[in-house]
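Raw contents of work33.csv, CSV, C-alpha atoms and all ligand atoms:
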```
chain,number,residue,atom,x,y,z
U,1,MET,CA,-9.6,-15.7,-13.3
U,2,ASN,CA,-7.7,-18.1,-11.1
U,3,THR,CA,-6.0,-15.8,-8.6
U,4,ASP,CA,-3.5,-18.6,-7.7
U,5,ALA,CA,-2.0,-17.7,-11.0
U,6,LYS,CA,-0.9,-14.4,-9.5
U,7,THR,CA,1.1,-16.1,-6.7
U,8,ALA,CA,4.7,-15.1,-7.1
U,9,SER,CA,7.0,-17.6,-8.8
U,10,THR,CA,9.8,-17.8,-6.3
U,11,ALA,CA,13.3,-19.3,-6.3
U,12,VAL,CA,12.6,-20.9,-2.9
U,13,PRO,CA,9.3,-21.3,-1.1
U,14,LEU,CA,8.0,-18.2,0.6
U,15,HIS,CA,5.4,-17.7,3.2
U,16,PRO,CA,2.0,-17.8,1.4
U,17,LEU,CA,1.1,-14.4,2.8
U,18,LEU,CA,4.0,-12.9,1.0
U,19,ALA,CA,4.0,-15.0,-2.2
U,20,GLY,CA,0.2,-14.6,-2.6
U,21,ARG,CA,0.0,-10.9,-2.0
U,22,TRP,CA,-0.8,-8.8,-5.1
U,23,SER,CA,-2.6,-5.6,-6.1
U,24,PRO,CA,-6.0,-6.4,-7.6
U,25,ARG,CA,-8.4,-3.9,-9.1
U,26,ALA,CA,-11.5,-6.1,-9.2
U,27,LEU,CA,-13.0,-5.4,-5.8
U,28,ASP,CA,-16.4,-6.4,-4.4
U,29,PRO,CA,-18.5,-3.2,-4.4
U,30,GLY,CA,-20.8,-4.7,-1.8
U,31,HIS,CA,-18.2,-5.8,0.7
U,32,HIS,CA,-17.8,-4.1,4.1
U,33,LEU,CA,-14.9,-4.2,6.5
U,34,THR,CA,-15.7,-5.1,10.0
U,35,ASP,CA,-14.5,-2.9,12.9
U,36,THR,CA,-12.3,-5.8,13.9
U,37,GLN,CA,-10.7,-6.0,10.5
U,38,VAL,CA,-10.0,-2.2,10.5
U,39,THR,CA,-8.4,-2.6,13.9
U,40,ALA,CA,-6.3,-5.5,12.8
U,41,LEU,CA,-4.9,-3.6,9.8
U,42,LEU,CA,-4.0,-0.6,12.0
U,43,GLU,CA,-2.7,-2.8,14.7
U,44,ALA,CA,-0.4,-4.5,12.2
U,45,ALA,CA,0.9,-1.2,11.1
U,46,ARG,CA,1.4,-0.1,14.7
U,47,TRP,CA,3.9,-2.9,15.3
U,48,ALA,CA,6.2,-2.1,12.4
U,49,PRO,CA,9.7,-1.2,13.3
U,50,SER,CA,10.8,2.5,13.0
U,51,ALA,CA,13.9,4.6,13.6
U,52,SER,CA,14.2,5.3,17.3
U,53,ASN,CA,10.8,3.8,17.6
U,54,SER,CA,9.4,7.2,16.4
U,55,GLN,CA,6.4,5.6,14.7
U,56,PRO,CA,5.8,8.4,12.3
U,57,TRP,CA,3.0,6.8,10.3
U,58,ARG,CA,-0.5,8.1,10.4
U,59,PHE,CA,-3.6,6.7,8.7
U,60,ALA,CA,-6.9,8.2,7.8
U,61,VAL,CA,-9.5,5.4,7.1
U,62,ALA,CA,-12.5,6.2,4.9
U,63,LEU,CA,-15.2,3.5,4.6
U,64,ARG,CA,-17.2,3.2,1.4
U,65,GLY,CA,-20.5,4.9,1.7
U,66,THR,CA,-19.2,7.8,3.7
U,67,ALA,CA,-18.5,11.4,2.6
U,68,SER,CA,-14.8,10.8,3.5
U,69,HIS,CA,-14.6,7.9,1.0
U,70,ALA,CA,-16.1,10.2,-1.7
U,71,ALA,CA,-13.7,12.9,-0.9
U,72,VAL,CA,-10.6,10.7,-1.0
U,73,LEU,CA,-11.9,9.0,-4.2
U,74,ALA,CA,-12.4,12.4,-5.8
U,75,ALA,CA,-8.7,13.2,-5.2
U,76,LEU,CA,-7.5,10.1,-6.9
U,77,ALA,CA,-6.1,10.1,-10.5
U,78,GLY,CA,-8.7,9.1,-13.0
U,79,GLY,CA,-7.1,5.8,-13.8
U,80,ASN,CA,-7.4,4.9,-10.1
U,81,ARG,CA,-10.9,6.3,-9.6
U,82,ALA,CA,-12.1,4.0,-12.4
U,83,TRP,CA,-11.8,1.0,-10.1
U,84,ALA,CA,-11.0,2.2,-6.6
U,85,HIS,CA,-14.6,3.4,-6.0
U,86,ALA,CA,-15.4,-0.2,-5.1
U,87,ALA,CA,-12.8,-0.3,-2.3
U,88,SER,CA,-14.3,-1.2,1.1
U,89,ALA,CA,-12.0,1.4,2.5
U,90,LEU,CA,-9.7,4.1,1.1
U,91,VAL,CA,-6.9,4.6,3.6
U,92,VAL,CA,-4.6,7.5,3.4
U,93,ALA,CA,-1.1,6.6,4.6
U,94,ALA,CA,0.8,9.7,5.7
U,95,ALA,CA,4.0,10.5,7.6
U,96,GLU,CA,4.9,12.9,10.3
U,97,THR,CA,8.2,13.9,8.9
U,98,HIS,CA,9.2,16.2,11.8
U,99,ASP,CA,9.0,15.6,15.5
U,100,ALA,CA,7.2,17.9,18.0
U,101,ASP,CA,10.3,20.1,18.3
U,102,GLY,CA,10.5,20.6,14.5
U,103,ALA,CA,13.5,18.3,14.0
U,104,GLU,CA,13.4,16.3,10.8
U,105,ARG,CA,12.7,12.6,11.0
U,106,PRO,CA,15.0,11.3,8.2
U,107,TRP,CA,13.4,7.9,8.1
U,108,ALA,CA,9.8,8.8,8.4
U,109,VAL,CA,8.9,7.9,4.8
U,110,TYR,CA,10.9,4.7,5.0
U,111,ASP,CA,9.2,3.7,8.3
U,112,THR,CA,5.7,4.5,6.9
U,113,GLY,CA,6.4,2.2,3.9
U,114,GLN,CA,7.2,-0.6,6.4
U,115,ALA,CA,4.1,0.0,8.3
U,116,VAL,CA,2.1,-0.2,5.0
U,117,ALA,CA,3.9,-3.5,4.3
U,118,HIS,CA,2.8,-4.8,7.7
U,119,LEU,CA,-0.8,-3.7,7.1
U,120,SER,CA,-0.8,-5.3,3.6
U,121,THR,CA,0.4,-8.6,5.0
U,122,GLN,CA,-2.2,-8.6,7.7
U,123,ALA,CA,-4.9,-7.7,5.1
U,124,ARG,CA,-3.9,-10.9,3.2
U,125,TRP,CA,-4.3,-12.9,6.4
U,126,GLU,CA,-7.8,-11.3,6.8
U,127,GLY,CA,-8.8,-12.4,3.3
U,128,LEU,CA,-8.5,-8.9,2.0
U,129,SER,CA,-6.5,-7.2,-0.6
U,130,VAL,CA,-4.6,-3.9,-0.6
U,131,HIS,CA,-3.8,-1.9,-3.7
U,132,GLN,CA,-1.5,1.0,-3.0
U,133,MET,CA,-1.9,4.2,-5.1
U,134,GLY,CA,0.6,7.0,-5.6
U,135,GLY,CA,-1.6,8.5,-8.3
U,136,PHE,CA,-3.6,11.2,-6.4
U,137,ASP,CA,-3.8,14.9,-6.1
U,138,VAL,CA,-1.3,15.5,-3.3
U,139,ARG,CA,-2.7,19.0,-2.5
U,140,GLY,CA,-6.2,17.7,-2.6
U,141,ILE,CA,-5.5,14.8,-0.1
U,142,ALA,CA,-3.2,17.0,2.0
U,143,ALA,CA,-6.1,19.5,2.4
U,144,LEU,CA,-8.1,16.7,4.1
U,145,LEU,CA,-5.3,16.0,6.7
U,146,PRO,CA,-3.7,17.8,9.6
U,147,ASP,CA,-0.9,20.2,8.5
U,148,ASP,CA,1.9,18.3,10.2
U,149,VAL,CA,1.6,15.1,8.1
U,150,THR,CA,2.6,14.4,4.5
U,151,PRO,CA,0.3,12.1,2.5
U,152,LEU,CA,2.4,9.3,0.8
U,153,VAL,CA,0.0,6.8,-0.7
U,154,VAL,CA,-3.7,5.9,-0.7
U,155,LEU,CA,-4.6,2.2,-0.1
U,156,ALA,CA,-7.6,0.6,-1.7
U,157,VAL,CA,-8.6,-2.1,0.7
U,158,GLY,CA,-11.3,-4.6,-0.1
U,159,ARG,CA,-12.2,-8.1,-1.1
U,160,ARG,CA,-11.3,-9.3,-4.5
U,161,ASP,CA,-14.3,-10.3,-6.6
U,162,ASP,CA,-13.8,-12.5,-9.7
U,163,THR,CA,-17.2,-11.5,-11.1
U,164,VAL,CA,-16.4,-7.8,-11.3
U,165,GLU,CA,-15.9,-6.7,-15.0
U,166,LEU,CA,-13.1,-4.2,-15.4
U,167,ALA,CA,-12.8,-1.9,-18.4
U,168,GLU,CA,-9.6,-2.0,-20.4
U,169,PRO,CA,-6.7,-1.6,-19.8
U,170,PHE,CA,-7.5,-2.7,-16.2
U,171,ALA,CA,-9.0,-6.1,-17.2
U,172,SER,CA,-5.8,-7.1,-19.0
U,173,ARG,CA,-3.6,-5.9,-16.1
U,174,GLU,CA,-5.8,-7.9,-13.7
U,175,SER,CA,-5.0,-11.2,-15.5
U,176,ALA,CA,-1.4,-10.4,-16.5
U,177,PRO,CA,1.3,-12.4,-14.8
U,178,ARG,CA,3.2,-10.5,-12.1
U,179,GLU,CA,6.7,-9.6,-13.0
U,180,ARG,CA,9.9,-8.8,-11.1
U,181,LEU,CA,13.5,-8.1,-11.8
U,182,PRO,CA,15.7,-11.3,-11.6
U,183,LEU,CA,17.0,-12.1,-8.2
U,184,GLU,CA,20.5,-11.3,-9.2
U,185,ALA,CA,19.5,-7.7,-10.1
U,186,LEU,CA,18.9,-7.0,-6.4
U,187,GLN,CA,22.5,-7.9,-5.5
U,188,LEU,CA,25.2,-5.2,-5.8
U,189,THR,CA,28.5,-6.6,-7.1
U,190,VAL,CA,30.6,-4.5,-4.8
U,191,ASP,CA,33.5,-5.4,-2.6
U,192,LEU,CA,32.1,-4.4,0.8
U,193,SER,CA,35.5,-5.4,2.5
U,194,ARG,CA,37.5,-2.7,0.7
U,195,ALA,CA,39.2,-0.2,2.9
U,196,VAL,CA,37.5,3.2,3.3
U,197,PRO,CA,38.8,6.2,5.1
U,198,ALA,CA,37.6,6.2,8.8
U,199,ALA,CA,34.7,8.6,9.5
U,200,ALA,CA,35.9,11.9,11.1
K,1,LIG,C1,4.1,3.6,-3.8
K,1,LIG,C2,3.2,2.9,-4.7
K,1,LIG,C3,2.4,3.6,-5.6
K,1,LIG,C4,1.6,2.9,-6.5
K,1,LIG,N1,0.7,3.6,-7.3
K,1,LIG,C5,-0.2,3.0,-8.0
K,1,LIG,C6,-1.2,3.7,-8.7
K,1,LIG,O1,-1.3,4.9,-8.6
K,1,LIG,N2,-2.1,3.0,-9.4
K,1,LIG,C7,-2.1,1.6,-9.5
K,1,LIG,O2,-2.9,1.0,-10.2
K,1,LIG,N3,-1.1,0.9,-8.9
K,1,LIG,C8,-0.2,1.5,-8.1
K,1,LIG,N4,0.7,0.8,-7.4
K,1,LIG,C9,0.7,-0.7,-7.5
K,1,LIG,C10,1.9,-1.2,-8.2
K,1,LIG,O3,1.8,-0.9,-9.6
K,1,LIG,C11,2.1,-2.7,-7.9
K,1,LIG,O4,2.4,-2.9,-6.6
K,1,LIG,C12,3.2,-3.3,-8.8
K,1,LIG,O5,2.9,-3.2,-10.2
K,1,LIG,C13,3.5,-4.7,-8.4
K,1,LIG,O6,2.3,-5.5,-8.5
K,1,LIG,P1,1.9,-6.4,-7.3
K,1,LIG,O7,1.6,-5.5,-6.1
K,1,LIG,O8,0.6,-7.0,-7.8
K,1,LIG,O9,2.9,-7.4,-7.1
K,1,LIG,C14,1.6,1.5,-6.5
K,1,LIG,C15,2.4,0.8,-5.6
K,1,LIG,C16,3.2,1.5,-4.7
K,1,LIG,C17,4.0,0.7,-3.8
```
Kindly transcribe the structure held in the file into structure tokens.
Amino acid sequence: MNTDAKTASTAVPLHPLLAGRWSPRALDPGHHLTDTQVTALLEAARWAPSASNSQPWRFAVALRGTASHAAVLAALAGGNRAWAHAASALVVAAAETHDADGAERPWAVYDTGQAVAHLSTQARWEGLSVHQMGGFDVRGIAALLPDDVTPLVVLAVGRRDDTVELAEPFASRESAPRERLPLEALQLTVDLSRAVPAAA
């Protein structure tokens, strides 16, 4: 499959790291991440913006071939386990939703999503792919983590491999065009200038 076909069709040119990012399932089962690549992914996440610079994101990295990778894989939904076993790393992205004093961090989940976006863009730069997965046993993954963090998503990180044969329905999804809502659908048709009562 020509992976260029998965590059986003955009109204105006975008940076190739953004337009070319997508979520593959055909991953090279023999590929290993280097220590430098793992550091680069976490470093990219580290420099994401966050509310009050609270940096609530936490990551647990499980490299393929380790007991940690097997444990995270076992907690994935079956439809994800079917292909994510080949991921060079399964990375649990979690958020510290409360600070050390127990006060809620209202933007912790939002901030962690931004950190994952940073990580995913850096992965593309490294020639890697990231496929995020919300389909996992939350209690199973939470049991692997410290009590004070909430698991949000598991990232399958690896190198895409054209020669990997996926079972259906994954093979069809791999070659299907990427779809998005039309650009207009993102834009709210509201009058932002209308007068509203001043906040008390
Ligand atoms: C929070 C989140 C959860 C997701 N969960 C899954 C999942 O469990 N399994 C899966 O195959 N893809 C999952 N995805 C991938 C999305 O389906 C994918 O990003 C979307 O279809 C857009 O495709 P693209 O990333 O190739 O542009 C998830 C993505 C996000 C951001």
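For ligand LIG 1 (chain K), the set of protein, DNA and RNA residues within 7 Å, based on all atoms listed in the file, reads U:Arg21, U:Trp22, U:Ser23, U:Pro24, U:Asn80, U:His131, U:Gln132, U:Met133, U:Gly134, U:Gly135, U:Val153, U:Arg178.
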- Item | Selected residue of minimal separation from Ala19 of chain U among U:Ala94, U:Arg105, U:Thr121, U:His69, counting all atoms listed in the file | U:Thr121
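Minimum atom-to-atom distances from U:Thr34, U:Ser50, U:Val116, U:Arg58 to Pro146 of chain U were compared using only C-alpha atoms, and the lowest value belongs to U:Arg58.
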- Query: Between atom CA of Val61 of chain U and atom CA of Ala89 of chain U, what is the distance, to one decimal in Å?
  - Reply: 6.6 Å
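Nearest residue to Thr66 of chain U, choosing from U:Ser88, U:Trp47, U:Asn53, U:Glu126 and counting all atoms listed in the file: U:Ser88.
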